[in-house]
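Novice: Okay, so here is query29.txt, and as you'll see once you scroll down, it has compact mmCIF, C-alpha atoms.
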```txt
# COMPACT_ATOMS: atom_id res chain seq x y z
CA MET A 1 -49.09 71.64 187.46
CA SER A 2 -46.27 69.41 186.38
CA SER A 3 -46.32 67.08 183.41
CA ALA A 4 -47.68 63.55 183.62
CA PRO A 5 -44.28 61.87 184.21
CA GLN A 6 -43.45 64.38 186.95
CA SER A 7 -46.88 63.86 188.39
CA ARG A 8 -46.11 60.16 188.75
CA ARG A 9 -43.02 61.02 190.79
CA TRP A 10 -44.77 63.54 192.98
CA ILE A 11 -45.88 61.17 195.71
CA ALA A 12 -43.64 58.35 194.60
CA ALA A 13 -46.29 56.33 192.87
CA ALA A 14 -44.39 53.12 193.43
CA ILE A 15 -44.67 53.66 197.15
CA LEU A 16 -48.34 54.37 196.96
CA LEU A 17 -49.11 51.18 195.06
CA VAL A 18 -48.50 49.25 198.25
CA GLY A 19 -52.04 47.97 198.18
CA LEU A 20 -51.11 45.75 195.24
CA ALA A 21 -47.95 44.55 196.95
CA VAL A 22 -49.10 43.93 200.50
CA ILE A 23 -52.73 42.92 200.09
CA GLY A 24 -52.15 40.35 197.37
CA PRO A 25 -54.56 38.57 195.05
CA SER A 26 -57.50 38.85 197.44
CA ALA A 27 -57.37 42.63 197.09
CA ARG A 28 -59.68 42.59 194.09
CA ALA A 29 -62.52 42.58 196.60
CA GLU A 30 -62.37 44.87 199.59
CA THR A 31 -61.33 43.14 202.77
CA PRO A 32 -64.40 43.02 205.01
CA THR A 33 -64.48 45.02 208.20
CA LEU A 34 -63.42 42.73 211.00
CA GLU A 35 -64.25 42.91 214.67
CA PRO A 36 -61.16 43.40 216.82
CA ALA A 37 -60.23 40.68 219.27
CA ALA A 38 -61.91 41.04 222.65
CA SER A 39 -58.59 41.93 224.27
CA MET A 40 -58.19 44.91 221.93
CA ARG A 41 -61.16 46.98 223.08
CA PRO A 42 -63.17 47.62 226.24
CA ALA A 43 -66.28 45.56 226.82
CA PRO A 44 -68.98 46.57 226.44
CA ALA A 45 -68.27 48.98 223.60
CA ALA A 46 -68.74 52.60 224.55
CA HIS A 47 -69.23 54.09 221.12
CA GLU A 48 -71.60 54.41 218.21
CA SER A 49 -70.92 54.98 214.52
CA SER A 50 -72.65 57.10 211.90
CA ASP A 51 -72.08 57.28 208.15
CA PHE A 52 -72.15 60.48 206.10
CA ASP A 53 -72.37 60.81 202.33
CA TRP A 54 -71.13 64.33 201.79
CA PHE A 55 -70.60 65.96 198.41
CA ASP A 56 -68.19 68.80 197.69
CA ASP A 57 -69.97 70.93 195.09
CA SER A 58 -66.88 73.03 194.42
CA ARG A 59 -64.95 69.97 193.25
CA GLY A 60 -67.80 67.75 192.08
CA ARG A 61 -66.48 65.06 194.40
CA GLU A 62 -68.13 62.67 196.82
CA VAL A 63 -66.60 62.54 200.31
CA PRO A 64 -68.09 59.64 202.28
CA ALA A 65 -67.10 59.33 205.94
CA ARG A 66 -67.78 57.30 209.05
CA LEU A 67 -67.80 58.87 212.51
CA TYR A 68 -67.09 56.90 215.67
CA TRP A 69 -68.49 58.79 218.64
CA PRO A 70 -67.80 58.18 222.37
CA LEU A 71 -71.10 57.36 224.10
CA LEU A 72 -69.63 57.97 227.55
CA ALA A 73 -68.54 61.51 226.73
CA ASP A 74 -70.01 64.28 228.87
CA ALA A 75 -72.53 66.00 226.59
CA GLU A 76 -71.52 69.35 228.05
CA GLN A 77 -67.82 68.85 227.35
CA PRO A 78 -66.35 69.01 223.82
CA VAL A 79 -64.37 65.94 222.79
CA PRO A 80 -61.10 65.68 220.84
CA LEU A 81 -61.20 64.42 217.26
CA VAL A 82 -59.03 62.33 214.96
CA VAL A 83 -59.58 62.67 211.19
CA PHE A 84 -58.29 59.47 209.55
CA SER A 85 -57.15 58.89 205.94
CA HIS A 86 -57.06 55.33 204.59
CA GLY A 87 -54.37 53.73 202.45
CA ILE A 88 -54.80 53.04 198.75
CA GLY A 89 -57.84 50.88 197.99
CA GLY A 90 -59.44 51.43 201.38
CA SER A 91 -62.71 52.93 202.57
CA ARG A 92 -64.42 54.63 205.49
CA ARG A 93 -65.03 51.19 206.97
CA GLY A 94 -61.31 50.50 207.33
CA TYR A 95 -59.11 50.87 210.41
CA SER A 96 -62.18 50.24 212.53
CA TYR A 97 -60.03 48.83 215.34
CA LEU A 98 -58.61 52.33 215.79
CA GLY A 99 -61.89 54.23 215.34
CA ARG A 100 -63.64 52.08 217.91
CA TYR A 101 -60.79 52.26 220.37
CA PHE A 102 -60.50 56.04 220.08
CA ALA A 103 -64.24 56.43 220.70
CA ASP A 104 -64.23 53.96 223.58
CA HIS A 105 -61.59 56.19 225.17
CA GLY A 106 -63.41 59.47 224.71
CA ILE A 107 -61.98 60.57 221.35
CA ALA A 108 -64.19 60.97 218.28
CA SER A 109 -62.76 59.48 215.07
CA LEU A 110 -63.81 60.53 211.57
CA HIS A 111 -62.73 58.10 208.82
CA VAL A 112 -62.77 59.73 205.40
CA GLN A 113 -63.11 57.78 202.15
CA HIS A 114 -61.18 59.09 199.13
CA VAL A 115 -63.23 58.21 196.06
CA GLY A 116 -60.33 58.50 193.61
CA SER A 117 -58.19 55.96 195.44
CA ASP A 118 -60.67 53.87 197.41
CA ARG A 119 -62.01 50.31 197.31
CA THR A 120 -63.48 50.78 193.84
CA LEU A 121 -59.96 50.33 192.45
CA TRP A 122 -60.34 46.59 192.93
CA ARG A 123 -63.51 46.41 190.82
CA GLY A 124 -63.83 46.17 187.07
CA ASN A 125 -61.59 44.62 184.44
CA PRO A 126 -58.49 43.17 186.14
CA PHE A 127 -56.40 44.15 183.11
CA GLY A 128 -57.15 47.78 183.89
CA LEU A 129 -56.04 47.54 187.52
CA VAL A 130 -52.54 48.89 186.96
CA GLY A 131 -53.91 51.93 185.14
CA ARG A 132 -56.42 52.57 187.92
CA LEU A 133 -53.65 52.35 190.49
CA TRP A 134 -51.51 54.83 188.53
CA ASP A 135 -54.42 57.25 188.46
CA ALA A 136 -54.94 56.77 192.20
CA ALA A 137 -51.28 57.64 192.80
CA SER A 138 -51.36 60.75 190.62
CA GLU A 139 -50.58 64.23 191.83
CA ALA A 140 -54.19 65.32 191.28
CA GLU A 141 -55.53 62.56 193.51
CA ALA A 142 -52.91 63.19 196.20
CA LEU A 143 -54.00 66.83 196.37
CA ALA A 144 -57.68 65.86 196.27
CA ARG A 145 -57.20 63.53 199.24
CA ALA A 146 -55.76 66.33 201.34
CA ARG A 147 -58.69 68.55 200.43
CA ASP A 148 -61.06 65.71 201.33
CA LEU A 149 -59.81 65.84 204.92
CA SER A 150 -60.34 69.59 205.21
CA PHE A 151 -63.76 69.37 203.56
CA ALA A 152 -64.88 66.53 205.83
CA LEU A 153 -63.73 68.49 208.85
CA ASP A 154 -65.70 71.50 207.60
CA GLN A 155 -68.82 69.37 207.30
CA LEU A 156 -68.47 67.74 210.68
CA LEU A 157 -67.90 71.01 212.51
CA ASP A 158 -70.96 72.47 210.78
CA GLN A 159 -73.14 69.53 211.83
CA ALA A 160 -75.33 69.91 214.89
CA LEU A 161 -74.39 66.35 215.95
CA GLN A 162 -77.42 66.35 218.24
CA GLY A 163 -75.84 68.76 220.66
CA ARG A 164 -72.48 67.00 220.76
CA GLN A 165 -69.39 69.14 220.54
CA ILE A 166 -65.94 68.81 218.99
CA ASP A 167 -63.07 70.51 220.78
CA ARG A 168 -61.61 72.64 218.00
CA ASP A 169 -58.31 72.96 219.87
CA ARG A 170 -57.82 69.18 220.02
CA ILE A 171 -58.00 67.88 216.45
CA ALA A 172 -55.43 65.50 214.96
CA ALA A 173 -54.90 64.20 211.43
CA ALA A 174 -54.02 60.53 211.04
CA GLY A 175 -53.46 58.00 208.29
CA HIS A 176 -51.80 54.81 207.13
CA SER A 177 -49.41 54.54 204.16
CA TYR A 178 -50.86 56.79 201.41
CA GLY A 179 -53.13 58.12 204.15
CA ALA A 180 -50.09 59.06 206.22
CA ASN A 181 -48.87 61.13 203.26
CA THR A 182 -52.30 62.75 203.14
CA ALA A 183 -52.16 63.55 206.85
CA MET A 184 -48.72 65.09 206.43
CA LEU A 185 -49.96 67.33 203.62
CA VAL A 186 -52.62 68.91 205.84
CA THR A 187 -50.28 69.25 208.82
CA GLY A 188 -47.39 71.08 207.20
CA ALA A 189 -45.44 69.08 204.62
CA ASN A 190 -43.80 71.60 202.28
CA VAL A 191 -45.19 71.08 198.80
CA SER A 192 -44.06 73.42 196.06
CA ARG A 193 -43.56 73.79 192.33
CA PRO A 194 -41.21 76.14 190.51
CA GLY A 195 -42.63 79.56 191.25
CA GLN A 196 -45.67 78.19 193.10
CA ALA A 197 -46.30 76.94 196.62
CA LEU A 198 -49.30 74.68 197.13
CA SER A 199 -51.13 75.64 200.31
CA LEU A 200 -52.53 72.45 201.83
CA ARG A 201 -51.84 73.10 205.49
CA ASP A 202 -55.00 73.16 207.60
CA THR A 203 -54.23 74.97 210.83
CA ARG A 204 -57.14 73.33 212.63
CA PHE A 205 -55.05 70.18 212.91
CA ARG A 206 -52.80 70.31 215.96
CA ALA A 207 -51.04 66.92 215.75
CA ALA A 208 -50.44 64.01 213.36
CA LEU A 209 -50.56 60.23 213.84
CA LEU A 210 -48.59 58.58 211.02
CA LEU A 211 -48.68 54.82 210.45
CA SER A 212 -46.19 53.38 207.93
CA ALA A 213 -45.51 56.77 206.34
CA PRO A 214 -43.67 56.54 202.98
CA PRO A 215 -41.36 59.38 201.91
CA PHE A 216 -42.65 61.96 199.48
CA TYR A 217 -41.49 62.32 195.89
CA GLY A 218 -39.34 59.19 196.01
CA GLU A 219 -36.35 61.43 196.70
CA ALA A 220 -33.62 61.00 199.28
CA ASP A 221 -33.91 64.56 200.63
CA VAL A 222 -37.06 64.19 202.70
CA GLN A 223 -35.85 66.95 205.03
CA ARG A 224 -36.66 69.58 202.40
CA ILE A 225 -40.27 68.47 202.36
CA LEU A 226 -40.90 67.45 205.96
CA GLY A 227 -38.82 70.03 207.80
CA ALA A 228 -41.88 72.29 207.71
CA LEU A 229 -43.94 69.67 209.54
CA THR A 230 -43.55 71.16 213.02
CA LEU A 231 -46.69 69.92 214.77
CA PRO A 232 -46.38 67.11 217.34
CA THR A 233 -46.12 63.83 215.41
CA LEU A 234 -46.34 60.15 216.29
CA HIS A 235 -44.69 57.74 213.83
CA VAL A 236 -45.46 54.01 213.96
CA THR A 237 -43.85 51.29 211.85
CA ALA A 238 -42.35 47.79 212.12
CA THR A 239 -39.06 46.14 211.20
CA ASP A 240 -40.83 44.21 208.43
CA ASP A 241 -42.82 47.21 207.20
CA VAL A 242 -41.37 46.67 203.73
CA ILE A 243 -42.80 47.58 200.33
CA ARG A 244 -41.83 45.32 197.43
CA ILE A 245 -43.24 45.67 193.93
CA PRO A 246 -41.60 45.10 190.54
CA GLY A 247 -39.02 47.81 190.01
CA TYR A 248 -39.30 49.28 193.48
CA TYR A 249 -38.18 48.42 196.98
CA SER A 250 -38.77 50.51 200.11
CA PRO A 251 -37.36 49.20 203.41
CA SER A 252 -38.74 50.02 206.83
CA ALA A 253 -35.79 52.41 207.20
CA ASP A 254 -37.69 54.78 204.91
CA ARG A 255 -40.35 55.11 207.61
CA VAL A 256 -37.65 55.97 210.13
CA ALA A 257 -36.22 58.54 207.72
CA VAL A 258 -39.61 60.27 207.60
CA PHE A 259 -39.58 60.48 211.40
CA GLU A 260 -36.06 61.90 211.43
CA ALA A 261 -36.88 64.48 208.73
CA ALA A 262 -40.04 65.76 210.41
CA GLY A 263 -39.40 69.19 211.89
CA SER A 264 -41.51 68.46 214.96
CA ALA A 265 -39.85 69.45 218.21
CA ARG A 266 -42.26 67.03 219.89
CA LYS A 267 -42.32 63.67 218.18
CA ALA A 268 -42.11 59.96 218.91
CA LEU A 269 -41.23 56.84 216.92
CA ALA A 270 -42.29 53.29 217.69
CA VAL A 271 -40.83 50.44 215.63
CA PHE A 272 -42.38 47.04 216.32
CA ASP A 273 -40.28 43.91 215.99
CA GLY A 274 -41.65 41.97 213.00
CA GLY A 275 -45.07 42.85 211.65
CA SER A 276 -45.67 43.97 208.07
CA HIS A 277 -46.86 46.98 206.10
CA SER A 278 -50.48 45.82 206.28
CA VAL A 279 -50.42 44.82 209.96
CA PHE A 280 -51.85 48.27 210.75
CA THR A 281 -54.99 47.67 208.63
CA ASP A 282 -58.06 45.76 209.82
CA ARG A 283 -56.73 42.57 208.27
CA VAL A 284 -56.04 39.79 210.76
CA GLY A 285 -53.08 37.45 210.46
CA THR A 286 -50.82 39.69 208.36
CA GLY A 287 -47.45 40.00 210.03
CA GLY A 288 -48.15 36.91 212.12
CA VAL A 289 -51.37 35.44 213.46
CA GLN A 290 -50.36 35.96 217.08
CA LEU A 291 -48.30 39.11 216.55
CA ASN A 292 -50.95 40.94 214.54
CA PRO A 293 -53.45 41.56 217.38
CA ARG A 294 -50.64 42.42 219.80
CA ILE A 295 -49.27 45.11 217.49
CA LYS A 296 -52.77 46.47 216.93
CA ALA A 297 -53.45 46.63 220.67
CA ALA A 298 -50.11 48.35 221.33
CA THR A 299 -50.78 50.82 218.50
CA GLN A 300 -54.20 51.63 219.95
CA SER A 301 -52.86 52.40 223.41
CA LEU A 302 -49.87 54.33 222.03
CA ALA A 303 -52.04 56.58 219.86
CA VAL A 304 -54.36 57.45 222.76
CA ALA A 305 -51.43 57.98 225.14
CA PHE A 306 -49.78 60.34 222.63
CA LEU A 307 -52.96 62.37 222.17
CA ARG A 308 -53.50 62.57 225.93
CA SER A 309 -49.95 63.83 226.33
CA VAL A 310 -50.22 66.44 223.56
CA PHE A 311 -53.76 67.63 224.15
CA ASP A 312 -54.25 67.19 227.89
CA GLY A 313 -50.74 67.24 229.36
CA GLN A 314 -51.31 63.74 230.74
CA ASP A 315 -47.96 62.10 230.14
CA GLU A 316 -47.98 59.08 232.44
CA ALA A 317 -49.40 56.62 229.91
CA LEU A 318 -46.95 57.70 227.20
CA GLN A 319 -44.01 57.45 229.58
CA SER A 320 -44.96 53.94 230.66
CA TRP A 321 -45.96 52.68 227.20
CA PRO A 322 -42.50 51.42 226.11
CA LEU A 323 -42.12 49.51 229.37
CA ARG A 324 -45.54 47.88 229.04
CA HIS A 325 -44.80 46.78 225.47
CA ARG A 326 -41.06 46.22 225.58
CA GLU A 327 -41.33 42.66 224.24
CA LEU A 328 -42.82 44.02 221.02
CA ILE A 329 -40.58 47.03 220.48
CA ALA A 330 -37.44 47.05 218.36
CA GLN A 331 -36.95 50.82 218.68
CA TRP A 332 -38.49 53.64 220.68
CA VAL A 333 -37.45 57.26 220.28
CA ARG A 334 -39.05 60.31 221.82
CA HIS A 335 -38.10 63.96 221.43
CA GLY A 336 -39.54 66.93 223.26
CA PRO A 337 -41.78 67.08 226.33
```
How does the structure come out when it is put into structure tokens?
Specialist:
Amino acid sequence: MSSAPQSRRWIAAAILLVGLAVIGPSARAETPTLEPAASMRPAPAAHESSDFDWFDDSRGREVPARLYWPLLADAEQPVPLVVFSHGIGGSRRGYSYLGRYFADHGIASLHVQHVGSDRTLWRGNPFGLVGRLWDAASEAEALARARDLSFALDQLLDQALQGRQIDRDRIAAAGHSYGANTAMLVTGANVSRPGQALSLRDTRFRAALLLSAPPFYGEADVQRILGALTLPTLHVTATDDVIRIPGYYSPSADRVAVFEAAGSARKALAVFDGGSHSVFTDRVGTGGVQLNPRIKAATQSLAVAFLRSVFDGQDEALQSWPLRHRELIAQWVRHGP
């Protein structure tokens, strides 16, 4: 592995410390899980959730997870699955508005908690917070997060799940911010060291959903890293999806650059007008009290439409999505079928 200073550059630690920049002073305690607005999910809810406290003996690492399962799914038919990776300082309880929506629409959603970069960062001596954040953004933790996703998928597929079935040909990786980097690592991002390639690609993942994805390494040449990401990808950001911390600035254009660099022949980019970097979390009000739930609702429907198009060949919802949400969209790009 590289030296400590190089390790800090590996995932562009400044980018990954967005939790400190976008969550603000209240971040010292985890933001509670919030119920989505009634307009953002079907009523009544058609899902249930289960928590798992897995442990990876080979790494000596806890891998907690929460599974949202569609209650209306045909027990005899396997269901598609999304494996979700949270941003820095998050937990398995986060991004519940997406997990619930996926499950309400027939897609299981497994939300993995990364213990080296999860909500525990906000606990303890506040003077040690910066050090804890640096550790969370280290190369070792970035690699561990990717392995968390593969391990959690192993565990879920080995579970009996009371007769329920996962469709192994319809599994997608997803994530927000640091979690988007994690999702890219398991879906094909080209990670290498002098004389050594790091194999993180998990071929069970067939697509990627990337919310507010920062570039890797903090380098301008993202094509070298993301050109190998050839699976179908959905990229979601906003014009105010900006990261500002002392000594570092990352505009929303960086998120667009990640989309452009991805080698996917089949990919789509949605840029919402306004918003913020944290508008895609469970937090309400960020990016605008009225705009926040509208962006969340549009993101929900876009993600499901994309998966239906990729996995089931049902393209009508994805084709009509930009028309249905045109008042919110600053940019929409789609390549491939």
Novice: What gap, in Å, lies between CA of Ala152 in chain A and CA of Val83 in chain A?
Specialist: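 It comes out at 8.5 Å.
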Novice: Neighbouring residues of His105 in chain A were defined as those with any atom within 8 Å, considering all atoms listed in the file; residues of the same chain fewer than 2 positions away were excluded. Please report them as an MDAnalysis selection string.
Specialist: chainID A and resid 70 101:103 107 304
Novice: Hey, what's within 12 Å of Arg326 in chain A if we count all atoms listed in the file and toss same-chain stuff fewer than 4 positions away? As a PyMOL selection string, please?
Specialist: chain A and resi 270-273+294-295+298+320-322+330-332
Novice: Can you list, as a list in words, every protein, DNA or RNA residue that comes within 7 Å of Asp240 in chain A when you count all atoms listed in the file, leaving out same-chain residues fewer than 2 positions away?
Specialist: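 Counting only the stated atoms, we get Ala238, Val242, Ser252, Gly274, Gly275 and Ser276 of chain A.
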Novice: Name the residues in contact with Arg224 in chain A at a cut-off of 10 Å, using only C-alpha atoms, excluding same-chain residues fewer than 5 positions from it; report them as a ChimeraX atom specification.
Specialist: /A:189-191,219,261-263
Novice: Restricting the calculation to all atoms listed in the file, which member of A:Met184, A:Ile166, A:Leu323, A:Leu129 is positioned closest to Ala73 in chain A?
Specialist: A:Ile166
Novice: Measuring atom to atom with all atoms listed in the file, identify which of A:Thr281, A:Ser150, A:Gln300, A:Gln314 is nearest to Gly94 in chain A.
Specialist: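 Among A:Thr281, A:Ser150, A:Gln300, A:Gln314, it is A:Thr281 that comes nearest to Gly94 in chain A.
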Novice: Could you jot down the CA of Asp282 in chain A to CA of Ser212 in chain A separation for me, Å, one decimal place?
Specialist: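 It comes out at 14.2 Å.
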Novice: Which distance in Å separates CA of Gly87 in chain A and CA of Asn181 in chain A, to one decimal?
Specialist: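 If I compute the distance from CA of Gly87 in chain A to CA of Asn181 in chain A, I get 9.3 Å.
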Novice: Rank nothing, just name the residue among A:Thr230, A:Gln223, A:Ser301, A:Ser50 nearest to His325 in chain A, using all atoms listed in the file.
Specialist: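 Comparing A:Thr230, A:Gln223, A:Ser301, A:Ser50 against His325 in chain A, the winner is A:Ser301.
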Novice: Skip Arg201 in chain A itself and residues of its chain fewer than 5 positions away, then list as a list in words all residues within 6 Å of it, counting all atoms listed in the file.
Specialist: Val186, Thr187 and Gly188 of chain A
Novice: Find the residue from A:Ala297, A:Ser49, A:Asp56, A:Leu210 that sits nearest to Leu269 in chain A; use only C-alpha atoms when measuring.
Specialist: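 Closest candidate: A:Leu210.
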